[in-house]
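What's in coords.pdb: PDB, C-alpha atoms and all ligand atoms
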```pdb
MODEL        1
ATOM      1  CA  MET A   1     -81.646 -86.312-164.559  1.00  0.00           C
ATOM      2  CA  ASN A   2     -83.092 -89.785-165.222  1.00  0.00           C
ATOM      3  CA  ARG A   3     -81.429 -91.800-167.918  1.00  0.00           C
ATOM      4  CA  ASN A   4     -81.772 -95.412-168.820  1.00  0.00           C
ATOM      5  CA  LYS A   5     -78.032 -95.745-169.215  1.00  0.00           C
ATOM      6  CA  ALA A   6     -75.121 -94.498-167.153  1.00  0.00           C
ATOM      7  CA  LEU A   7     -72.642 -92.112-168.738  1.00  0.00           C
ATOM      8  CA  ASN A   8     -69.244 -93.456-167.711  1.00  0.00           C
ATOM      9  CA  ILE A   9     -66.397 -91.470-169.213  1.00  0.00           C
ATOM     10  CA  ILE A  10     -62.675 -90.874-168.965  1.00  0.00           C
ATOM     11  CA  LEU A  11     -61.168 -87.503-169.791  1.00  0.00           C
ATOM     12  CA  LEU A  12     -57.602 -87.965-171.027  1.00  0.00           C
ATOM     13  CA  GLY A  13     -55.128 -85.196-171.701  1.00  0.00           C
ATOM     14  CA  PRO A  14     -51.697 -83.903-170.733  1.00  0.00           C
ATOM     15  CA  PRO A  15     -51.376 -81.711-167.626  1.00  0.00           C
ATOM     16  CA  ALA A  16     -52.809 -78.204-168.203  1.00  0.00           C
ATOM     17  CA  SER A  17     -54.832 -79.278-171.257  1.00  0.00           C
ATOM     18  CA  GLY A  18     -58.031 -78.125-169.525  1.00  0.00           C
ATOM     19  CA  LYS A  19     -59.214 -81.404-167.992  1.00  0.00           C
ATOM     20  CA  GLY A  20     -60.335 -79.794-164.732  1.00  0.00           C
ATOM     21  CA  THR A  21     -62.294 -77.020-166.442  1.00  0.00           C
ATOM     22  CA  GLN A  22     -63.969 -79.339-168.941  1.00  0.00           C
ATOM     23  CA  SER A  23     -64.712 -81.897-166.217  1.00  0.00           C
ATOM     24  CA  GLU A  24     -66.698 -79.344-164.260  1.00  0.00           C
ATOM     25  CA  LEU A  25     -68.717 -78.291-167.322  1.00  0.00           C
ATOM     26  CA  ILE A  26     -69.402 -81.881-168.415  1.00  0.00           C
ATOM     27  CA  CYS A  27     -70.409 -83.059-164.932  1.00  0.00           C
ATOM     28  CA  ASN A  28     -72.825 -80.140-164.504  1.00  0.00           C
ATOM     29  CA  GLU A  29     -74.361 -80.652-167.933  1.00  0.00           C
ATOM     30  CA  PHE A  30     -74.839 -84.422-167.629  1.00  0.00           C
ATOM     31  CA  ASP A  31     -75.306 -84.694-163.869  1.00  0.00           C
ATOM     32  CA  ILE A  32     -72.488 -87.163-163.317  1.00  0.00           C
ATOM     33  CA  VAL A  33     -69.861 -87.431-160.599  1.00  0.00           C
ATOM     34  CA  HIS A  34     -66.407 -85.904-161.078  1.00  0.00           C
ATOM     35  CA  ILE A  35     -63.687 -88.253-159.827  1.00  0.00           C
ATOM     36  CA  SER A  36     -60.261 -86.642-159.901  1.00  0.00           C
ATOM     37  CA  THR A  37     -57.488 -88.735-158.361  1.00  0.00           C
ATOM     38  CA  GLY A  38     -55.283 -85.618-158.168  1.00  0.00           C
ATOM     39  CA  ASP A  39     -57.997 -83.766-156.159  1.00  0.00           C
ATOM     40  CA  MET A  40     -58.466 -86.797-153.916  1.00  0.00           C
ATOM     41  CA  PHE A  41     -54.733 -86.930-153.210  1.00  0.00           C
ATOM     42  CA  ARG A  42     -54.531 -83.169-152.575  1.00  0.00           C
ATOM     43  CA  ALA A  43     -57.486 -83.349-150.161  1.00  0.00           C
ATOM     44  CA  ALA A  44     -55.797 -86.262-148.352  1.00  0.00           C
ATOM     45  CA  ILE A  45     -52.566 -84.269-148.084  1.00  0.00           C
ATOM     46  CA  SER A  46     -54.295 -81.189-146.735  1.00  0.00           C
ATOM     47  CA  ASN A  47     -56.245 -83.342-144.225  1.00  0.00           C
ATOM     48  CA  LYS A  48     -52.975 -85.085-143.278  1.00  0.00           C
ATOM     49  CA  THR A  49     -54.460 -88.577-143.654  1.00  0.00           C
ATOM     50  CA  GLU A  50     -52.390 -91.747-144.019  1.00  0.00           C
ATOM     51  CA  LEU A  51     -53.083 -91.728-147.757  1.00  0.00           C
ATOM     52  CA  GLY A  52     -51.893 -88.103-147.930  1.00  0.00           C
ATOM     53  CA  LEU A  53     -48.645 -88.940-146.165  1.00  0.00           C
ATOM     54  CA  GLU A  54     -48.049 -91.841-148.522  1.00  0.00           C
ATOM     55  CA  ALA A  55     -48.748 -89.818-151.670  1.00  0.00           C
ATOM     56  CA  SER A  56     -47.187 -86.454-150.880  1.00  0.00           C
ATOM     57  CA  SER A  57     -43.523 -87.111-151.717  1.00  0.00           C
ATOM     58  CA  TYR A  58     -44.445 -88.513-155.139  1.00  0.00           C
ATOM     59  CA  ILE A  59     -46.792 -85.651-155.898  1.00  0.00           C
ATOM     60  CA  GLN A  60     -44.365 -82.903-154.916  1.00  0.00           C
ATOM     61  CA  ALA A  61     -41.741 -84.399-157.215  1.00  0.00           C
ATOM     62  CA  GLY A  62     -44.294 -84.591-160.048  1.00  0.00           C
ATOM     63  CA  LYS A  63     -44.060 -88.408-160.048  1.00  0.00           C
ATOM     64  CA  LEU A  64     -46.911 -90.901-160.253  1.00  0.00           C
ATOM     65  CA  VAL A  65     -48.203 -92.330-156.987  1.00  0.00           C
ATOM     66  CA  PRO A  66     -47.728 -96.155-157.098  1.00  0.00           C
ATOM     67  CA  ASP A  67     -50.550 -98.139-158.714  1.00  0.00           C
ATOM     68  CA  SER A  68     -51.120-100.176-155.571  1.00  0.00           C
ATOM     69  CA  VAL A  69     -52.234 -96.983-153.775  1.00  0.00           C
ATOM     70  CA  THR A  70     -54.074 -95.325-156.670  1.00  0.00           C
ATOM     71  CA  ASN A  71     -56.023 -98.364-157.895  1.00  0.00           C
ATOM     72  CA  GLY A  72     -57.364 -99.052-154.408  1.00  0.00           C
ATOM     73  CA  LEU A  73     -58.498 -95.453-154.039  1.00  0.00           C
ATOM     74  CA  VAL A  74     -60.433 -95.555-157.330  1.00  0.00           C
ATOM     75  CA  LYS A  75     -61.951 -98.946-156.571  1.00  0.00           C
ATOM     76  CA  GLU A  76     -63.386 -97.647-153.296  1.00  0.00           C
ATOM     77  CA  ARG A  77     -64.693 -94.492-154.944  1.00  0.00           C
ATOM     78  CA  LEU A  78     -66.436 -96.271-157.809  1.00  0.00           C
ATOM     79  CA  ALA A  79     -68.243 -98.561-155.380  1.00  0.00           C
ATOM     80  CA  LEU A  80     -70.170 -95.628-153.847  1.00  0.00           C
ATOM     81  CA  ASP A  81     -73.833 -95.141-154.705  1.00  0.00           C
ATOM     82  CA  ASP A  82     -73.556 -91.688-156.248  1.00  0.00           C
ATOM     83  CA  VAL A  83     -71.916 -93.024-159.438  1.00  0.00           C
ATOM     84  CA  LYS A  84     -75.082 -94.794-160.593  1.00  0.00           C
ATOM     85  CA  ASN A  85     -75.968 -92.044-163.105  1.00  0.00           C
ATOM     86  CA  GLY A  86     -72.412 -92.039-164.381  1.00  0.00           C
ATOM     87  CA  PHE A  87     -68.965 -90.674-163.642  1.00  0.00           C
ATOM     88  CA  LEU A  88     -66.147 -88.761-165.216  1.00  0.00           C
ATOM     89  CA  LEU A  89     -62.645 -89.971-164.378  1.00  0.00           C
ATOM     90  CA  ASP A  90     -60.106 -87.159-164.526  1.00  0.00           C
ATOM     91  CA  GLY A  91     -56.444 -88.139-164.034  1.00  0.00           C
ATOM     92  CA  PHE A  92     -57.166 -91.886-163.961  1.00  0.00           C
ATOM     93  CA  PRO A  93     -56.161 -94.164-165.602  1.00  0.00           C
ATOM     94  CA  ARG A  94     -52.680 -92.838-166.310  1.00  0.00           C
ATOM     95  CA  THR A  95     -50.978 -96.113-167.254  1.00  0.00           C
ATOM     96  CA  VAL A  96     -51.961 -99.195-169.230  1.00  0.00           C
ATOM     97  CA  ASN A  97     -51.769-101.141-165.987  1.00  0.00           C
ATOM     98  CA  GLN A  98     -54.323 -98.762-164.405  1.00  0.00           C
ATOM     99  CA  ALA A  99     -56.547 -99.031-167.507  1.00  0.00           C
ATOM    100  CA  ASP A 100     -56.521-102.842-167.215  1.00  0.00           C
ATOM    101  CA  GLU A 101     -57.344-102.548-163.525  1.00  0.00           C
ATOM    102  CA  LEU A 102     -60.214-100.164-164.317  1.00  0.00           C
ATOM    103  CA  GLU A 103     -61.705-102.731-166.743  1.00  0.00           C
ATOM    104  CA  SER A 104     -61.787-105.307-163.996  1.00  0.00           C
ATOM    105  CA  ILE A 105     -63.182-102.875-161.407  1.00  0.00           C
ATOM    106  CA  LEU A 106     -65.990-101.891-163.803  1.00  0.00           C
ATOM    107  CA  SER A 107     -66.798-105.435-164.767  1.00  0.00           C
ATOM    108  CA  SER A 108     -66.999-106.403-161.087  1.00  0.00           C
ATOM    109  CA  LEU A 109     -69.541-103.576-160.736  1.00  0.00           C
ATOM    110  CA  ASN A 110     -71.451-104.812-163.795  1.00  0.00           C
ATOM    111  CA  THR A 111     -70.830-101.671-165.793  1.00  0.00           C
ATOM    112  CA  SER A 112     -68.501-100.422-168.535  1.00  0.00           C
ATOM    113  CA  LEU A 113     -67.087 -97.285-170.156  1.00  0.00           C
ATOM    114  CA  THR A 114     -69.284 -95.249-172.499  1.00  0.00           C
ATOM    115  CA  ALA A 115     -66.490 -93.171-174.042  1.00  0.00           C
ATOM    116  CA  VAL A 116     -62.986 -91.800-173.611  1.00  0.00           C
ATOM    117  CA  ILE A 117     -62.397 -88.165-174.529  1.00  0.00           C
ATOM    118  CA  SER A 118     -58.837 -87.159-175.317  1.00  0.00           C
ATOM    119  CA  LEU A 119     -57.776 -83.493-175.181  1.00  0.00           C
ATOM    120  CA  VAL A 120     -54.956 -82.884-177.651  1.00  0.00           C
ATOM    121  CA  ALA A 121     -52.357 -80.101-177.264  1.00  0.00           C
ATOM    122  CA  ASP A 122     -48.639 -79.683-177.897  1.00  0.00           C
ATOM    123  CA  ASP A 123     -46.039 -79.307-175.138  1.00  0.00           C
ATOM    124  CA  ASP A 124     -45.009 -75.695-175.918  1.00  0.00           C
ATOM    125  CA  GLU A 125     -48.555 -74.411-175.513  1.00  0.00           C
ATOM    126  CA  LEU A 126     -48.986 -76.360-172.270  1.00  0.00           C
ATOM    127  CA  ILE A 127     -45.775 -74.950-170.781  1.00  0.00           C
ATOM    128  CA  SER A 128     -46.966 -71.432-171.555  1.00  0.00           C
ATOM    129  CA  ARG A 129     -50.417 -72.162-170.058  1.00  0.00           C
ATOM    130  CA  ILE A 130     -49.137 -73.653-166.834  1.00  0.00           C
ATOM    131  CA  SER A 131     -47.404 -70.521-165.595  1.00  0.00           C
ATOM    132  CA  SER A 132     -50.820 -68.836-165.368  1.00  0.00           C
ATOM    133  CA  ARG A 133     -52.715 -71.639-163.598  1.00  0.00           C
ATOM    134  CA  ARG A 134     -53.883 -70.975-160.013  1.00  0.00           C
ATOM    135  CA  VAL A 135     -55.905 -73.435-157.927  1.00  0.00           C
ATOM    136  CA  CYS A 136     -57.967 -73.540-154.771  1.00  0.00           C
ATOM    137  CA  LEU A 137     -56.568 -76.237-152.493  1.00  0.00           C
ATOM    138  CA  LYS A 138     -59.787 -76.253-150.470  1.00  0.00           C
ATOM    139  CA  CYS A 139     -62.440 -76.984-153.125  1.00  0.00           C
ATOM    140  CA  GLY A 140     -60.259 -77.986-156.102  1.00  0.00           C
ATOM    141  CA  ALA A 141     -61.419 -75.148-158.438  1.00  0.00           C
ATOM    142  CA  SER A 142     -58.898 -74.165-161.094  1.00  0.00           C
ATOM    143  CA  TYR A 143     -58.365 -70.751-162.717  1.00  0.00           C
ATOM    144  CA  SER A 144     -56.212 -69.236-165.425  1.00  0.00           C
ATOM    145  CA  LEU A 145     -54.805 -65.735-165.074  1.00  0.00           C
ATOM    146  CA  LYS A 146     -55.157 -65.541-168.868  1.00  0.00           C
ATOM    147  CA  ASN A 147     -58.612 -66.846-169.771  1.00  0.00           C
ATOM    148  CA  LYS A 148     -60.450 -67.961-166.627  1.00  0.00           C
ATOM    149  CA  LYS A 149     -59.764 -65.315-163.992  1.00  0.00           C
ATOM    150  CA  PRO A 150     -61.386 -65.410-160.548  1.00  0.00           C
ATOM    151  CA  LYS A 151     -63.897 -62.576-159.921  1.00  0.00           C
ATOM    152  CA  VAL A 152     -61.655 -61.152-157.177  1.00  0.00           C
ATOM    153  CA  ASP A 153     -57.877 -61.341-157.668  1.00  0.00           C
ATOM    154  CA  ASN A 154     -56.379 -64.445-156.052  1.00  0.00           C
ATOM    155  CA  ILE A 155     -59.632 -65.494-154.292  1.00  0.00           C
ATOM    156  CA  CYS A 156     -61.674 -68.604-155.130  1.00  0.00           C
ATOM    157  CA  ASP A 157     -65.145 -67.782-156.560  1.00  0.00           C
ATOM    158  CA  ASN A 158     -66.671 -70.857-154.883  1.00  0.00           C
ATOM    159  CA  CYS A 159     -65.293 -70.861-151.350  1.00  0.00           C
ATOM    160  CA  SER A 160     -63.324 -67.565-150.930  1.00  0.00           C
ATOM    161  CA  SER A 161     -60.043 -69.342-150.114  1.00  0.00           C
ATOM    162  CA  THR A 162     -56.755 -67.876-151.316  1.00  0.00           C
ATOM    163  CA  LEU A 163     -55.595 -69.271-154.654  1.00  0.00           C
ATOM    164  CA  VAL A 164     -52.100 -70.717-155.032  1.00  0.00           C
ATOM    165  CA  GLN A 165     -49.788 -72.057-157.696  1.00  0.00           C
ATOM    166  CA  ARG A 166     -49.514 -75.828-157.267  1.00  0.00           C
ATOM    167  CA  GLU A 167     -46.017 -76.977-156.232  1.00  0.00           C
ATOM    168  CA  ASP A 168     -46.050 -79.476-159.078  1.00  0.00           C
ATOM    169  CA  ASP A 169     -46.959 -76.744-161.605  1.00  0.00           C
ATOM    170  CA  LYS A 170     -43.549 -75.167-161.050  1.00  0.00           C
ATOM    171  CA  GLU A 171     -41.388 -75.609-164.118  1.00  0.00           C
ATOM    172  CA  GLU A 172     -39.161 -78.537-163.104  1.00  0.00           C
ATOM    173  CA  SER A 173     -41.993 -80.707-161.772  1.00  0.00           C
ATOM    174  CA  PHE A 174     -44.203 -79.752-164.679  1.00  0.00           C
ATOM    175  CA  LYS A 175     -41.649 -80.963-167.213  1.00  0.00           C
ATOM    176  CA  VAL A 176     -41.392 -84.295-165.381  1.00  0.00           C
ATOM    177  CA  ARG A 177     -45.193 -84.586-165.511  1.00  0.00           C
ATOM    178  CA  LEU A 178     -45.268 -83.841-169.254  1.00  0.00           C
ATOM    179  CA  GLU A 179     -42.595 -86.463-169.943  1.00  0.00           C
ATOM    180  CA  ASP A 180     -44.448 -88.946-167.760  1.00  0.00           C
ATOM    181  CA  TYR A 181     -47.626 -88.269-169.701  1.00  0.00           C
ATOM    182  CA  GLN A 182     -45.937 -88.931-173.051  1.00  0.00           C
ATOM    183  CA  LYS A 183     -44.255 -92.083-171.830  1.00  0.00           C
ATOM    184  CA  LYS A 184     -46.887 -93.656-169.606  1.00  0.00           C
ATOM    185  CA  THR A 185     -50.300 -92.146-170.370  1.00  0.00           C
ATOM    186  CA  PHE A 186     -50.179 -91.376-174.098  1.00  0.00           C
ATOM    187  CA  PRO A 187     -50.241 -95.127-174.963  1.00  0.00           C
ATOM    188  CA  LEU A 188     -53.814 -95.100-173.592  1.00  0.00           C
ATOM    189  CA  VAL A 189     -54.909 -93.113-176.657  1.00  0.00           C
ATOM    190  CA  GLU A 190     -54.062 -96.124-178.832  1.00  0.00           C
ATOM    191  CA  TYR A 191     -55.466 -98.515-176.176  1.00  0.00           C
ATOM    192  CA  TYR A 192     -58.914 -96.872-176.275  1.00  0.00           C
ATOM    193  CA  LYS A 193     -58.797 -96.177-180.036  1.00  0.00           C
ATOM    194  CA  LYS A 194     -58.514 -99.931-180.560  1.00  0.00           C
ATOM    195  CA  LYS A 195     -61.600-100.421-178.397  1.00  0.00           C
ATOM    196  CA  GLY A 196     -63.473 -97.961-180.646  1.00  0.00           C
ATOM    197  CA  ILE A 197     -64.494 -95.597-177.817  1.00  0.00           C
ATOM    198  CA  LEU A 198     -61.975 -92.739-178.238  1.00  0.00           C
ATOM    199  CA  TYR A 199     -63.029 -89.183-179.197  1.00  0.00           C
ATOM    200  CA  GLU A 200     -60.262 -86.622-179.775  1.00  0.00           C
ATOM    201  CA  VAL A 201     -60.729 -82.863-179.322  1.00  0.00           C
ATOM    202  CA  ASN A 202     -58.305 -80.018-180.026  1.00  0.00           C
ATOM    203  CA  ALA A 203     -57.625 -78.577-176.555  1.00  0.00           C
ATOM    204  CA  LEU A 204     -56.312 -75.308-177.986  1.00  0.00           C
ATOM    205  CA  LEU A 205     -59.782 -74.129-179.017  1.00  0.00           C
ATOM    206  CA  SER A 206     -61.621 -71.860-176.563  1.00  0.00           C
ATOM    207  CA  ILE A 207     -63.144 -73.362-173.402  1.00  0.00           C
ATOM    208  CA  ASP A 208     -66.647 -73.034-174.919  1.00  0.00           C
ATOM    209  CA  GLU A 209     -65.676 -74.537-178.259  1.00  0.00           C
ATOM    210  CA  VAL A 210     -64.025 -77.560-176.634  1.00  0.00           C
ATOM    211  CA  PHE A 211     -67.057 -78.029-174.404  1.00  0.00           C
ATOM    212  CA  ASP A 212     -69.553 -77.735-177.293  1.00  0.00           C
ATOM    213  CA  GLN A 213     -67.757 -80.462-179.213  1.00  0.00           C
ATOM    214  CA  ILE A 214     -67.668 -82.765-176.206  1.00  0.00           C
ATOM    215  CA  LYS A 215     -71.310 -82.048-175.351  1.00  0.00           C
ATOM    216  CA  ASP A 216     -72.507 -82.859-178.895  1.00  0.00           C
ATOM    217  CA  PHE A 217     -70.468 -86.040-178.925  1.00  0.00           C
ATOM    218  CA  LEU A 218     -71.799 -87.242-175.550  1.00  0.00           C
ATOM    219  CA  LYS A 219     -75.412 -86.433-176.499  1.00  0.00           C
ATOM    220  CA  ARG A 220     -74.986 -88.570-179.610  1.00  0.00           C
ATOM    221  CA  LYS A 221     -73.521 -91.346-177.452  1.00  0.00           C
ATOM    222  CA  LEU A 222     -76.518 -91.242-175.098  1.00  0.00           C
ATOM    223  CA  ASP A 223     -78.900 -91.468-178.082  1.00  0.00           C
ATOM    224  CA  GLU A 224     -77.156 -94.543-179.531  1.00  0.00           C
TER     225      GLU A 224
HETATM  226  P1  LIG B 301     -53.413 -84.178-161.384  1.00  0.00           P
HETATM  227  O1  LIG B 301     -54.151 -83.194-160.551  1.00  0.00           O
HETATM  228  O2  LIG B 301     -54.324 -85.153-162.099  1.00  0.00           O
HETATM  229  O3  LIG B 301     -52.419 -83.541-162.300  1.00  0.00           O
HETATM  230  O4  LIG B 301     -52.561 -85.092-160.357  1.00  0.00           O
HETATM  231  C1  LIG B 301     -51.591 -84.533-159.519  1.00  0.00           C
HETATM  232  C2  LIG B 301     -50.617 -85.601-159.063  1.00  0.00           C
HETATM  233  O5  LIG B 301     -51.325 -86.623-158.328  1.00  0.00           O
HETATM  234  C3  LIG B 301     -49.911 -86.363-160.185  1.00  0.00           C
HETATM  235  O6  LIG B 301     -48.778 -85.661-160.676  1.00  0.00           O
HETATM  236  C4  LIG B 301     -49.534 -87.648-159.462  1.00  0.00           C
HETATM  237  O7  LIG B 301     -48.429 -87.439-158.604  1.00  0.00           O
HETATM  238  C5  LIG B 301     -50.758 -87.905-158.606  1.00  0.00           C
HETATM  239  N1  LIG B 301     -51.759 -88.694-159.351  1.00  0.00           N
HETATM  240  C6  LIG B 301     -52.990 -88.288-159.746  1.00  0.00           C
HETATM  241  N2  LIG B 301     -53.634 -89.267-160.425  1.00  0.00           N
HETATM  242  C7  LIG B 301     -52.782 -90.323-160.460  1.00  0.00           C
HETATM  243  C8  LIG B 301     -52.833 -91.617-161.043  1.00  0.00           C
HETATM  244  N3  LIG B 301     -53.902 -92.028-161.759  1.00  0.00           N
HETATM  245  N4  LIG B 301     -51.759 -92.442-160.867  1.00  0.00           N
HETATM  246  C9  LIG B 301     -50.686 -92.041-160.163  1.00  0.00           C
HETATM  247  N5  LIG B 301     -50.549 -90.820-159.630  1.00  0.00           N
HETATM  248  C10 LIG B 301     -51.579 -89.959-159.762  1.00  0.00           C
ENDMDL
END
```
Using structure tokens, write down the structure that the file contains.
Amino acid sequence: MNRNKALNIILLGPPASGKGTQSELICNEFDIVHISTGDMFRAAISNKTELGLEASSYIQAGKLVPDSVTNGLVKERLALDDVKNGFLLDGFPRTVNQADELESILSSLNTSLTAVISLVADDDELISRISSRRVCLKCGASYSLKNKKPKVDNICDNCSSTLVQREDDKEESFKVRLEDYQKKTFPLVEYYKKKGILYEVNALLSIDEVFDQIKDFLKRKLDE
């Protein structure tokens, strides 16, 4: 898809608000690159790289990986050629410090954010959703035993690997992640609202309804 401007977006939202699912739909529709720091860390852990070793204890406990590690990872990724048409950041930034760092990374690359989409959902609904989430550790695909089942029980549609429940989706870690989101990431809603680029969507609508709203919004943005 040729466009005269890049579509650079952030998808914000608490864990289990549907970021992974919506990211996939948005990236396919607009032909932009999906950059998920969580997926990058999980791939590093399963490949047993130095980065994986560094990140794994934080991730298993549901804690944030230190900014020094995460910011460097994103900086390297955004410098690659395939982001020229645009990118969707999923799981980054998660703190105001990371958001400030992102501004400087983007300005050093002579580009900027087009929009920030925030998925809104309350904690009780998220806790009930998380128990049914299953993921593929090989290709990063995410499923819900309630409303996004794999075609064959427990097997990834894309790469036929066995699906698992993420360690950090187990109740104790999940609650830590939700609290972390409220404390550290939620302030970004205000941060981007002040910049005039925030678009909020009710994450409790169906997958298609959430996507339709985001799609219409982004099409309007591209026409501006
Ligand atoms: P996610 O798949 O986005 O829920 O991320 C899974 C885990 O990876 C998080 O709970 C953190 O431990 C780590 N992680 C992912 N993105 C970041 C980030 N931007 N900053 C710090 N830690 C992160």
### Message
For the PyMOL selection byres (((chain A and resi 170) around 12) and not hetatm), applied here, can you spell out every residue it catches as a count of residues only?
### Response
24
### Message
Under the rule that only C-alpha atoms are counted, which of A:Leu163, A:Ala16, A:Leu188, A:Val65 is the nearest residue to A:Ile117?
### Response
A:Leu188
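Atom CA of A:Leu204 to atom CA of A:Gly20 spans 14.6 Å [interatomic distance, one decimal].
Between atom CA of A:Asn71 and atom CA of A:Met40 lies a distance of 12.5 Å.
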Each side padded by 3 Å, which centre and which edge lengths in Å (one decimal) define the axis-aligned box around the listed atoms of stretch 187-202 of chain A? Give them as JSON.
```
{"center_x": -57.4, "center_y": -90.2, "center_z": -177.1, "size_x": 20.3, "size_y": 26.4, "size_z": 13.1}
```
### Task
In Å, rounded to a single decimal, give me how far atom C4 of ligand LIG 301 (chain B) is from atom CA of A:Tyr58.
6.7 Å
### Task
Could you please extract the residues within 8 Å of ligand LIG 301 (chain B), counting all atoms listed in the file, and hand them back as a PyMOL selection string?
chain A and resi 15-16+36-39+41-42+55-56+58-67+70-71+90-95+98+168+177
### Task
Rank A:Lys194, A:Thr114, A:Ala79, A:Cys27 by their smallest atom-to-atom distance to A:Ile9, using all atoms listed in the file, and report the top residue only.
A:Thr114
### Query
Within 9 Å of stretch 149-159 of chain A, counting all atoms listed in the file, which residues qualify if same-chain residues fewer than 3 places away don't, as a ChimeraX atom specification?
/A:134-136,138-139,141-146,162-164
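Candidate residues A:Leu222, A:Leu73, A:Val96, A:Leu137 were compared for distance to A:Lys184, and the nearest is A:Val96, using all atoms listed in the file.
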### Task
With a distance cut-off of 9 Å and all atoms listed in the file, select the neighbouring residues of A:Phe186, excluding the residue or stretch itself and same-chain residues fewer than 4 positions from it, and output the selection as a ChimeraX atom specification.
/A:12-14,94-95,180-182,190
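Look at A:Asn4: the protein and nucleic acid residues within 12 Å of it, using all atoms listed in the file and passing over chain neighbours fewer than 4 places away, are Lys84, Asn85, Gly86, Leu222, Asp223 and Glu224 of chain A.
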### Query
Smallest atom-to-atom distance to A:Asn28: which of A:Ser160, A:Ile10, A:Phe87, A:Glu101, using all atoms listed in the file?
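Looking only at the distances to A:Asn28, the closest residue turns out to be A:Phe87.
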### Task
Could you list the residues chosen by the PyMOL selection byres (((chain A and resi 24) around 12) and not hetatm) in this structure as number ranges by chain?
A: 11, 18-23, 25-36, 87-90, 140-142, 207, 211
### Query
For A:Ser107, which residue among A:Asp208, A:Lys75, A:Glu125, A:Ser46 is the nearest when counting only C-alpha atoms?
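Closest residue, counting only C-alpha atoms: A:Lys75.
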Generate the coordinates of N, CA, C and O atoms for stretch 104-115 of chain A; report them as a short mmCIF file (atom, residue, chain, number, x, y, z; two decimals), in the frame of the given file.
```
data_model
loop_
_atom_site.label_atom_id
_atom_site.label_comp_id
_atom_site.auth_asym_id
_atom_site.auth_seq_id
_atom_site.Cartn_x
_atom_site.Cartn_y
_atom_site.Cartn_z
N SER A 104 -61.31 -104.25 -164.90
CA SER A 104 -61.79 -105.31 -164.00
C SER A 104 -62.64 -104.72 -162.87
O SER A 104 -63.61 -105.35 -162.45
N ILE A 105 -62.31 -103.51 -162.42
CA ILE A 105 -63.18 -102.88 -161.41
C ILE A 105 -64.59 -102.71 -161.99
O ILE A 105 -65.60 -103.07 -161.37
N LEU A 106 -64.68 -102.17 -163.21
CA LEU A 106 -65.99 -101.89 -163.80
C LEU A 106 -66.76 -103.19 -164.06
O LEU A 106 -67.97 -103.25 -163.84
N SER A 107 -66.05 -104.21 -164.51
CA SER A 107 -66.80 -105.44 -164.77
C SER A 107 -67.28 -106.06 -163.46
O SER A 107 -68.38 -106.61 -163.41
N SER A 108 -66.50 -105.87 -162.37
CA SER A 108 -67.00 -106.40 -161.09
C SER A 108 -68.22 -105.60 -160.61
O SER A 108 -69.00 -106.08 -159.79
N LEU A 109 -68.37 -104.39 -161.11
CA LEU A 109 -69.54 -103.58 -160.74
C LEU A 109 -70.66 -103.70 -161.78
O LEU A 109 -71.63 -102.92 -161.76
N ASN A 110 -70.46 -104.61 -162.73
CA ASN A 110 -71.45 -104.81 -163.79
C ASN A 110 -71.70 -103.61 -164.67
O ASN A 110 -72.82 -103.32 -165.07
N THR A 111 -70.67 -102.84 -164.93
CA THR A 111 -70.83 -101.67 -165.79
C THR A 111 -69.62 -101.57 -166.72
O THR A 111 -68.73 -102.42 -166.69
N SER A 112 -69.62 -100.55 -167.59
CA SER A 112 -68.50 -100.42 -168.54
C SER A 112 -68.36 -98.96 -168.96
O SER A 112 -69.20 -98.12 -168.62
N LEU A 113 -67.31 -98.66 -169.71
CA LEU A 113 -67.09 -97.28 -170.16
C LEU A 113 -67.98 -96.95 -171.34
O LEU A 113 -68.18 -97.78 -172.23
N THR A 114 -68.50 -95.71 -171.36
CA THR A 114 -69.28 -95.25 -172.50
C THR A 114 -68.35 -94.65 -173.54
O THR A 114 -68.51 -94.87 -174.74
N ALA A 115 -67.37 -93.86 -173.10
CA ALA A 115 -66.49 -93.17 -174.04
C ALA A 115 -65.25 -92.65 -173.33
O ALA A 115 -65.25 -92.47 -172.10
#
```
